[in-house]
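Below: upload-v9.txt (compact mmCIF, C-alpha atoms)
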```
# COMPACT_ATOMS: atom_id res chain seq x y z
CA MET A 5 115.77 73.97 148.34
CA ARG A 6 115.23 70.19 148.33
CA VAL A 7 112.48 68.67 146.24
CA PRO A 8 110.37 66.12 148.14
CA THR A 9 111.10 62.52 147.16
CA LEU A 10 107.40 61.87 146.50
CA ILE A 11 107.23 64.57 143.78
CA LEU A 12 110.34 63.20 142.05
CA TRP A 13 108.91 59.68 142.15
CA ARG A 14 105.60 60.87 140.61
CA SER A 15 107.45 62.80 137.87
CA LYS A 16 109.47 59.73 136.95
CA SER A 17 106.31 57.65 136.94
CA LEU A 18 104.56 60.07 134.56
CA LEU A 19 107.61 60.15 132.26
CA PHE A 20 107.77 56.37 132.21
CA ALA A 21 104.04 56.15 131.50
CA SER A 22 104.27 58.60 128.58
CA LYS A 23 107.18 56.65 127.07
CA SER A 24 105.19 53.44 127.41
CA LEU A 25 102.19 55.06 125.69
CA LEU A 26 104.32 56.24 122.77
CA ALA A 27 105.92 52.81 122.52
CA GLU A 28 102.50 51.20 122.22
CA HIS A 29 101.12 53.92 119.92
CA PRO A 30 103.95 55.36 117.77
CA VAL A 31 103.13 58.81 116.32
CA SER A 32 104.84 60.41 113.31
CA ILE A 33 106.14 63.99 113.34
CA GLU A 34 103.67 64.94 110.58
CA SER A 35 100.74 63.88 112.71
CA LEU A 36 102.00 66.01 115.60
CA ILE A 37 102.04 69.23 113.58
CA CYS A 38 98.78 68.58 111.70
CA PRO A 39 95.77 70.37 113.26
CA SER A 40 93.38 67.48 112.51
CA PRO A 41 95.42 64.27 112.20
CA GLN A 42 93.99 61.07 110.81
CA VAL A 43 93.74 58.22 113.29
CA PRO A 44 95.84 55.29 112.00
CA ALA A 45 94.04 52.07 111.23
CA GLY A 46 93.84 49.80 114.27
CA TYR A 47 94.31 52.63 116.78
CA SER A 48 90.71 52.96 117.83
CA ASP A 49 91.85 53.73 121.38
CA PHE A 50 93.91 56.74 120.25
CA PRO A 51 93.29 59.62 122.73
CA SER A 52 90.35 61.74 121.62
CA TRP A 53 91.97 64.98 122.87
CA PHE A 54 94.82 64.56 120.38
CA ARG A 55 92.52 64.69 117.34
CA SER A 56 91.16 68.09 118.37
CA TYR A 57 94.62 69.69 118.60
CA HIS A 58 94.81 73.21 117.11
CA ASP A 59 97.76 75.59 117.19
CA GLY A 60 95.61 78.74 117.40
CA ARG A 61 96.55 80.27 114.03
CA PRO A 62 93.77 81.41 111.67
CA ARG A 63 93.27 79.12 108.70
CA GLY A 64 92.33 79.63 105.07
CA PRO A 65 92.87 82.59 102.72
CA LEU A 66 93.02 85.13 105.55
CA TRP A 67 96.17 83.58 107.02
CA ARG A 68 97.82 83.10 103.62
CA GLY A 69 97.00 86.69 102.67
CA LYS A 70 98.54 88.04 105.86
CA LYS A 71 101.73 86.08 105.24
CA LEU A 72 102.05 87.43 101.69
CA LEU A 73 101.92 91.07 102.81
CA GLY A 74 105.17 92.46 104.17
CA LYS A 75 105.62 95.56 106.29
CA GLU A 76 106.47 97.70 103.26
CA ALA A 77 103.38 96.54 101.39
CA LEU A 78 101.11 97.22 104.37
CA PHE A 79 102.64 100.68 104.77
CA VAL A 80 102.01 101.46 101.08
CA ILE A 81 98.38 100.31 101.29
CA LEU A 82 97.72 102.53 104.29
CA GLY A 83 99.44 105.46 102.60
CA LEU A 84 97.50 105.12 99.36
CA LYS A 85 94.22 104.95 101.25
CA ARG A 86 95.18 108.01 103.28
CA PHE A 87 95.90 110.14 100.20
CA LYS A 88 93.30 108.72 97.83
CA ASP A 89 91.37 112.01 97.82
CA ASP A 90 94.49 114.13 97.20
CA ASP A 91 96.10 113.38 93.83
CA GLU A 92 99.14 115.58 94.48
CA LYS A 93 100.04 113.87 97.75
CA ALA A 94 99.21 110.46 96.28
CA ASP A 95 101.59 111.00 93.34
CA LYS A 96 104.34 112.13 95.70
CA PHE A 97 103.76 109.09 97.92
CA ILE A 98 103.99 106.81 94.88
CA LYS A 99 107.35 108.31 93.87
CA THR A 100 108.83 108.10 97.35
CA HIS A 101 107.47 104.77 98.56
CA VAL A 102 105.54 102.72 95.99
CA LEU A 103 108.30 102.71 93.38
CA ARG A 104 110.70 101.27 95.96
CA LEU A 105 108.67 98.08 96.34
CA LEU A 106 109.84 94.79 94.91
CA LYS A 107 107.85 93.03 92.20
CA MET A 108 106.03 90.60 94.52
CA ASP A 109 105.20 93.39 96.96
CA MET A 110 103.64 95.46 94.16
CA ILE A 111 101.52 92.52 93.06
CA ALA A 112 100.53 91.86 96.68
CA VAL A 113 99.48 95.52 97.12
CA LEU A 114 97.40 95.34 93.94
CA ASN A 115 95.64 92.15 95.06
CA GLU A 116 94.98 93.50 98.54
CA LEU A 117 93.49 96.75 97.22
CA GLU A 118 91.18 94.70 95.01
CA ARG A 119 90.22 92.53 97.98
CA GLN A 120 89.39 95.64 100.00
CA GLU A 121 87.31 96.94 97.04
CA GLU A 122 89.53 100.00 96.64
CA VAL A 123 89.14 99.72 92.89
CA HIS A 124 90.36 103.19 91.89
CA LEU A 125 93.47 102.78 94.01
CA ALA A 126 93.99 99.35 92.45
CA VAL A 127 93.81 100.92 88.97
CA LYS A 128 96.38 103.52 90.03
CA MET A 129 98.62 100.74 91.34
CA PHE A 130 98.19 98.77 88.13
CA LYS A 131 99.34 101.75 86.08
CA VAL A 132 102.48 101.91 88.22
CA ILE A 133 103.10 98.21 87.59
CA GLN A 134 102.72 98.67 83.84
CA LYS A 135 105.65 101.11 83.83
CA GLN A 136 108.05 98.66 85.48
CA ASP A 137 110.79 96.97 83.44
CA TRP A 138 109.69 93.52 84.59
CA TYR A 139 106.04 94.01 83.56
CA LYS A 140 104.63 91.54 81.05
CA PRO A 141 101.05 91.74 79.69
CA ASP A 142 98.79 89.53 81.78
CA VAL A 143 95.10 89.21 81.00
CA PHE A 144 94.27 88.15 84.55
CA LEU A 145 95.61 91.42 85.99
CA TYR A 146 93.17 93.19 83.70
CA LYS A 147 90.32 90.82 84.44
CA ASP A 148 89.96 91.51 88.17
CA LEU A 149 90.06 95.26 87.65
CA ILE A 150 87.64 95.28 84.71
CA VAL A 151 85.14 93.00 86.45
CA SER A 152 85.23 95.09 89.63
CA LEU A 153 84.71 98.33 87.70
CA ALA A 154 81.92 96.85 85.56
CA ARG A 155 80.03 95.65 88.63
CA ARG A 156 80.16 99.22 89.95
CA LYS A 157 79.02 100.58 86.54
CA ASN A 158 82.22 102.61 86.14
CA MET A 159 82.08 101.96 82.42
CA ASP A 160 84.31 104.87 81.37
CA ASP A 161 87.15 103.41 83.43
CA VAL A 162 86.32 99.97 82.04
CA MET A 163 86.82 101.17 78.48
CA VAL A 164 90.18 102.76 79.32
CA LEU A 165 91.47 99.41 80.57
CA TRP A 166 89.71 97.59 77.73
CA GLU A 167 91.51 99.62 75.07
CA SER A 168 94.82 99.18 76.89
CA MET A 169 94.24 95.42 76.97
CA LYS A 170 93.51 95.35 73.23
CA LYS A 171 96.74 97.25 72.50
CA GLU A 172 98.62 94.52 74.33
CA ASP A 173 96.91 91.86 72.13
CA LEU A 174 95.14 90.24 75.06
CA PHE A 175 91.75 88.51 74.93
CA PRO A 176 89.71 88.20 78.14
CA ASP A 177 87.80 85.13 79.22
CA SER A 178 84.05 84.57 79.05
CA GLN A 179 83.40 85.92 82.55
CA THR A 180 85.01 89.24 81.67
CA TYR A 181 82.94 89.57 78.48
CA THR A 182 79.81 88.70 80.46
CA GLU A 183 80.38 91.28 83.20
CA VAL A 184 81.25 94.08 80.77
CA ILE A 185 78.28 93.35 78.51
CA ARG A 186 75.97 93.22 81.54
CA GLY A 187 77.48 96.46 82.83
CA PHE A 188 76.81 98.33 79.59
CA LEU A 189 73.26 96.98 79.38
CA GLN A 190 72.53 98.11 82.94
CA TYR A 191 74.26 101.41 82.16
CA GLY A 192 71.79 101.93 79.29
CA SER A 193 74.32 101.58 76.46
CA PRO A 194 73.27 98.65 74.24
CA GLY A 195 75.49 99.98 71.44
CA ASP A 196 78.60 99.70 73.64
CA ALA A 197 77.48 96.23 74.70
CA MET A 198 77.35 95.24 71.03
CA ASN A 199 80.87 96.62 70.51
CA ILE A 200 82.13 94.33 73.28
CA TYR A 201 80.19 91.51 71.63
CA GLU A 202 81.99 92.15 68.34
CA ASP A 203 85.32 92.01 70.18
CA MET A 204 84.25 88.69 71.68
CA LYS A 205 83.56 87.26 68.22
CA LYS A 206 87.17 88.06 67.24
CA SER A 207 88.57 86.13 70.20
CA PRO A 208 90.55 82.97 69.31
CA ASP A 209 88.76 81.12 72.12
CA LEU A 210 85.37 79.51 71.56
CA PRO A 211 82.73 81.69 73.27
CA GLU A 212 80.46 80.33 75.97
CA GLN A 213 76.68 80.60 76.15
CA LEU A 214 76.40 82.99 79.09
CA PRO A 215 77.46 86.23 77.32
CA PHE A 216 75.00 85.43 74.51
CA ARG A 217 72.14 84.85 76.91
CA ILE A 218 72.89 88.06 78.81
CA LEU A 219 72.72 89.94 75.50
CA LEU A 220 69.59 88.16 74.33
CA LYS A 221 67.83 89.12 77.54
CA GLY A 222 69.15 92.68 77.68
CA LEU A 223 68.36 93.42 74.03
CA LEU A 224 64.68 92.50 74.23
CA PRO A 225 63.69 96.17 73.71
CA HIS A 226 66.01 96.27 70.66
CA PRO A 227 64.75 93.51 68.31
CA LEU A 228 67.10 94.30 65.40
CA LEU A 229 70.22 94.00 67.55
CA ARG A 230 68.78 90.97 69.29
CA ASN A 231 68.14 89.15 66.01
CA ARG A 232 71.80 89.54 65.04
CA VAL A 233 72.91 87.97 68.31
CA LYS A 234 70.26 85.27 68.04
CA GLN A 235 71.45 84.19 64.58
CA ASP A 236 75.04 83.95 65.76
CA PHE A 237 73.97 81.99 68.84
CA GLU A 238 71.99 79.45 66.79
CA GLU A 239 74.94 78.94 64.45
CA ILE A 240 77.44 78.37 67.27
CA PHE A 241 75.07 76.39 69.53
CA PRO A 242 72.65 74.63 67.17
CA ASP A 243 71.34 72.32 69.91
CA GLN A 244 70.32 75.16 72.23
CA HIS A 245 66.96 76.90 72.30
CA VAL A 246 66.35 80.67 72.50
CA TYR A 247 63.18 81.83 74.22
CA ASP A 248 61.32 84.60 72.40
CA PRO A 249 58.73 86.38 74.57
CA PRO A 250 55.50 87.62 73.03
CA GLN A 251 56.08 90.78 71.04
CA GLU A 252 53.05 92.43 72.60
CA ILE A 253 55.06 92.87 75.79
CA PHE A 254 57.14 95.58 74.13
CA GLY A 255 54.38 97.05 71.99
CA LEU A 256 55.81 95.70 68.74
CA ARG A 257 52.40 94.78 67.37
```

For the structure just supplied, provide its representation as structure tokens.
Amino acid sequence: MRVPTLILWRSKSLLFASKSLLAEHPVSIESLICPSPQVPAGYSDFPSWFRSYHDGRPRGPLWRGKKLLGKEALFVILGLKRFKDDDEKADKFIKTHVLRLLKMDMIAVLNELERQEEVHLAVKMFKVIQKQDWYKPDVFLYKDLIVSLARRKNMDDVMVLWESMKKEDLFPDSQTYTEVIRGFLQYGSPGDAMNIYEDMKKSPDLPEQLPFRILLKGLLPHPLLRNRVKQDFEEIFPDQHVYDPPQEIFGLR
């Protein structure tokens, strides 16, 4: 089948025009693959359609998270969620599939379970990771689990991880202390909150104000405990002020 001469002539004309455009406005390879390229200085007549180029892939953490999860990791996540109400089947699934994962896949499964708010499954996965030969104590692995559990007021599970963390000579950051102290206060256990406070005082890192202020507010019905915290706060932060509400509010007069 012969192609009409007119079509060939138009194709050559378009090809020549595109080459002329590129010759007048050279474009780097980086700018071609960038979704939102910067317009070079002096190229005010750069085509507007080129700046809005997008390759169709999702951006941000969602895309990066998908890339980090392999087929084996996704299969394990689905399996753990399927058997989460059956401990016997879950333990068998862990022996046959979870233990076969590589280090990075195990960490990816743990992070994804936390992201999906499957906290109890994440704790189970963390215990599997602790038994691996390559495991090294990491306070940030503890932090995400403890904070998630504390926000759900699962304080018994929090203390199990807390004691395990102490045995590994790890000290959490200020956010972890804050969430656990707040969790115990909301749980109605000011004594346990004070125990966490005493652990915080032993930390080699200088404490921040937020855990103190959470305690000072939560211990208003317990003036003796509150005075202890207030004295420590004024010694560590001498330039800060502590608000004391009228005692009549709590029937102390």

Which residues are close to Arg104 of chain A, i.e. within 12 Å by only C-alpha atoms, leaving aside same-chain residues fewer than 4 positions away? Reply as a list in words. Glu76, Ala77, Phe79, Val80, Phe97, Ile98, Lys99, Thr100, Met108, Asp109, Met110, Val132, Ile133 and Gln136 of chain A

Can you tell me, as an mmCIF file with C-alpha atoms, in the coordinates of the input, which residues sit within 10 Å of (93.4, 98.7, 88.6) in the file's frame, using only C-alpha atoms?
```
data_model
loop_
_atom_site.group_PDB
_atom_site.id
_atom_site.type_symbol
_atom_site.label_atom_id
_atom_site.label_comp_id
_atom_site.auth_asym_id
_atom_site.auth_seq_id
_atom_site.Cartn_x
_atom_site.Cartn_y
_atom_site.Cartn_z
ATOM 1 C CA LEU A 114 97.400 95.340 93.940
ATOM 2 C CA ASN A 115 95.640 92.150 95.060
ATOM 3 C CA LEU A 117 93.490 96.750 97.220
ATOM 4 C CA GLU A 118 91.180 94.700 95.010
ATOM 5 C CA GLU A 122 89.530 100.000 96.640
ATOM 6 C CA VAL A 123 89.140 99.720 92.890
ATOM 7 C CA HIS A 124 90.360 103.190 91.890
ATOM 8 C CA LEU A 125 93.470 102.780 94.010
ATOM 9 C CA ALA A 126 93.990 99.350 92.450
ATOM 10 C CA VAL A 127 93.810 100.920 88.970
ATOM 11 C CA LYS A 128 96.380 103.520 90.030
ATOM 12 C CA MET A 129 98.620 100.740 91.340
ATOM 13 C CA PHE A 130 98.190 98.770 88.130
ATOM 14 C CA LYS A 131 99.340 101.750 86.080
ATOM 15 C CA VAL A 132 102.480 101.910 88.220
ATOM 16 C CA ILE A 133 103.100 98.210 87.590
ATOM 17 C CA LEU A 145 95.610 91.420 85.990
ATOM 18 C CA TYR A 146 93.170 93.190 83.700
ATOM 19 C CA LYS A 147 90.320 90.820 84.440
ATOM 20 C CA ASP A 148 89.960 91.510 88.170
ATOM 21 C CA LEU A 149 90.060 95.260 87.650
ATOM 22 C CA ILE A 150 87.640 95.280 84.710
ATOM 23 C CA SER A 152 85.230 95.090 89.630
ATOM 24 C CA LEU A 153 84.710 98.330 87.700
ATOM 25 C CA ASP A 161 87.150 103.410 83.430
ATOM 26 C CA VAL A 162 86.320 99.970 82.040
ATOM 27 C CA LEU A 165 91.470 99.410 80.570
#
```

One number please: atom CA of Asp196 of chain A to atom CA of Leu220 of chain A, in Å, one decimal. 14.7 Å

Pick from A:Met159, A:Met169, A:Leu174, A:Leu224: nearest to Ser193 of chain A, with all atoms listed in the file counted? A:Met159

One decimal, in Å: what's the spacing between atom CA of Gly222 of chain A and atom CA of Val143 of chain A?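 The value is 26.4 Å.
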
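Considering all atoms listed in the file, the residue among A:Gln120, A:Gln134, A:Gln244, A:Gln213 positioned nearest to Glu172 of chain A is A:Gln134.
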
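Residue nearest Leu228 of chain A, chosen from A:Pro194, A:Lys170, A:Ile111, A:Val246 and counting only C-alpha atoms: A:Pro194.
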
Please identify all polymer residues within 10 Å of Tyr201 of chain A, counting all atoms listed in the file, omitting same-chain residues fewer than 6 positions from it, and present them as a CSV table (one decimal) with C-alpha atoms, in the frame of the given file.
```
chain,number,residue,atom,x,y,z
A,181,TYR,CA,82.9,89.6,78.5
A,182,THR,CA,79.8,88.7,80.5
A,184,VAL,CA,81.2,94.1,80.8
A,185,ILE,CA,78.3,93.4,78.5
A,195,GLY,CA,75.5,100.0,71.4
A,215,PRO,CA,77.5,86.2,77.3
A,216,PHE,CA,75.0,85.4,74.5
A,219,LEU,CA,72.7,89.9,75.5
A,233,VAL,CA,72.9,88.0,68.3
```

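Take atom CA of Lys96 of chain A and atom CA of Lys75 of chain A: the distance between them is 19.7 Å.
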
Using all atoms listed in the file, can you tell me which of A:Phe188, A:Glu202, A:Pro225, A:Ser207 comes closest to Pro176 of chain A? A:Ser207

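With distances taken over all atoms listed in the file, A:Ala154 is the one residue among A:Ala154, A:Leu106, A:Asp137, A:Ala94 lying closest to Gln190 of chain A.
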
Closest to Asp142 of chain A among A:Asp173, A:Lys234, A:Lys157, A:Glu121, using only C-alpha atoms?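 So, comparing all the options, the nearest one is A:Asp173.
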
Can you put N, CA, C and O atoms back into segment 120-141 of chain A and show it as an mmCIF file, keeping the file's coordinate frame?
```
data_model
loop_
_atom_site.group_PDB
_atom_site.id
_atom_site.type_symbol
_atom_site.label_atom_id
_atom_site.label_comp_id
_atom_site.auth_asym_id
_atom_site.auth_seq_id
_atom_site.Cartn_x
_atom_site.Cartn_y
_atom_site.Cartn_z
ATOM 1 N N GLN A 120 90.054 94.651 99.173
ATOM 2 C CA GLN A 120 89.390 95.640 100.000
ATOM 3 C C GLN A 120 88.422 96.526 99.215
ATOM 4 O O GLN A 120 87.868 97.472 99.763
ATOM 5 N N GLU A 121 88.241 96.219 97.920
ATOM 6 C CA GLU A 121 87.310 96.940 97.040
ATOM 7 C C GLU A 121 87.711 98.405 96.866
ATOM 8 O O GLU A 121 86.855 99.267 96.641
ATOM 9 N N GLU A 122 89.000 98.678 96.965
ATOM 10 C CA GLU A 122 89.530 100.000 96.640
ATOM 11 C C GLU A 122 89.926 99.986 95.166
ATOM 12 O O GLU A 122 91.107 100.000 94.800
ATOM 13 N N VAL A 123 88.907 99.980 94.298
ATOM 14 C CA VAL A 123 89.140 99.720 92.890
ATOM 15 C C VAL A 123 89.956 100.830 92.225
ATOM 16 O O VAL A 123 90.884 100.562 91.447
ATOM 17 N N HIS A 124 89.643 102.076 92.531
ATOM 18 C CA HIS A 124 90.360 103.190 91.890
ATOM 19 C C HIS A 124 91.825 103.208 92.315
ATOM 20 O O HIS A 124 92.704 103.518 91.509
ATOM 21 N N LEU A 125 92.090 102.884 93.576
ATOM 22 C CA LEU A 125 93.470 102.780 94.010
ATOM 23 C C LEU A 125 94.164 101.595 93.339
ATOM 24 O O LEU A 125 95.352 101.659 93.008
ATOM 25 N N ALA A 126 93.420 100.515 93.132
ATOM 26 C CA ALA A 126 93.990 99.350 92.450
ATOM 27 C C ALA A 126 94.349 99.696 91.001
ATOM 28 O O ALA A 126 95.386 99.253 90.486
ATOM 29 N N VAL A 127 93.508 100.487 90.340
ATOM 30 C CA VAL A 127 93.810 100.920 88.970
ATOM 31 C C VAL A 127 95.072 101.784 88.952
ATOM 32 O O VAL A 127 95.942 101.639 88.084
ATOM 33 N N LYS A 128 95.189 102.667 89.931
ATOM 34 C CA LYS A 128 96.380 103.520 90.030
ATOM 35 C C LYS A 128 97.625 102.658 90.239
ATOM 36 O O LYS A 128 98.687 102.898 89.640
ATOM 37 N N MET A 129 97.494 101.641 91.085
ATOM 38 C CA MET A 129 98.620 100.740 91.340
ATOM 39 C C MET A 129 98.965 99.943 90.091
ATOM 40 O O MET A 129 100.142 99.695 89.791
ATOM 41 N N PHE A 130 97.955 99.533 89.350
ATOM 42 C CA PHE A 130 98.190 98.770 88.130
ATOM 43 C C PHE A 130 98.948 99.608 87.102
ATOM 44 O O PHE A 130 99.823 99.093 86.395
ATOM 45 N N LYS A 131 98.629 100.884 87.007
ATOM 46 C CA LYS A 131 99.340 101.750 86.080
ATOM 47 C C LYS A 131 100.810 101.897 86.466
ATOM 48 O O LYS A 131 101.683 102.019 85.596
ATOM 49 N N VAL A 132 101.084 101.893 87.767
ATOM 50 C CA VAL A 132 102.480 101.910 88.220
ATOM 51 C C VAL A 132 103.187 100.630 87.803
ATOM 52 O O VAL A 132 104.330 100.651 87.329
ATOM 53 N N ILE A 133 102.504 99.498 87.954
ATOM 54 C CA ILE A 133 103.100 98.210 87.590
ATOM 55 C C ILE A 133 103.392 98.144 86.097
ATOM 56 O O ILE A 133 104.425 97.605 85.671
ATOM 57 N N GLN A 134 102.511 98.702 85.281
ATOM 58 C CA GLN A 134 102.720 98.670 83.840
ATOM 59 C C GLN A 134 103.995 99.393 83.404
ATOM 60 O O GLN A 134 104.555 99.080 82.349
ATOM 61 N N LYS A 135 104.464 100.332 84.194
ATOM 62 C CA LYS A 135 105.650 101.110 83.830
ATOM 63 C C LYS A 135 106.950 100.451 84.292
ATOM 64 O O LYS A 135 108.032 100.968 83.994
ATOM 65 N N GLN A 136 106.838 99.319 84.985
ATOM 66 C CA GLN A 136 108.050 98.660 85.480
ATOM 67 C C GLN A 136 108.711 97.842 84.363
ATOM 68 O O GLN A 136 108.047 97.342 83.450
ATOM 69 N N ASP A 137 110.030 97.701 84.467
ATOM 70 C CA ASP A 137 110.790 96.970 83.440
ATOM 71 C C ASP A 137 110.395 95.499 83.402
ATOM 72 O O ASP A 137 110.465 94.868 82.343
ATOM 73 N N TRP A 138 109.990 94.953 84.524
ATOM 74 C CA TRP A 138 109.690 93.520 84.590
ATOM 75 C C TRP A 138 108.240 93.215 84.161
ATOM 76 O O TRP A 138 107.853 92.049 84.096
ATOM 77 N N TYR A 139 107.448 94.242 83.880
ATOM 78 C CA TYR A 139 106.040 94.010 83.560
ATOM 79 C C TYR A 139 105.879 93.271 82.227
ATOM 80 O O TYR A 139 106.521 93.595 81.228
ATOM 81 N N LYS A 140 105.016 92.259 82.254
ATOM 82 C CA LYS A 140 104.630 91.540 81.050
ATOM 83 C C LYS A 140 103.103 91.516 80.978
ATOM 84 O O LYS A 140 102.446 91.299 82.006
ATOM 85 N N PRO A 141 102.516 91.733 79.802
ATOM 86 C CA PRO A 141 101.050 91.740 79.690
ATOM 87 C C PRO A 141 100.429 90.468 80.262
ATOM 88 O O PRO A 141 100.860 89.358 79.942
#
```
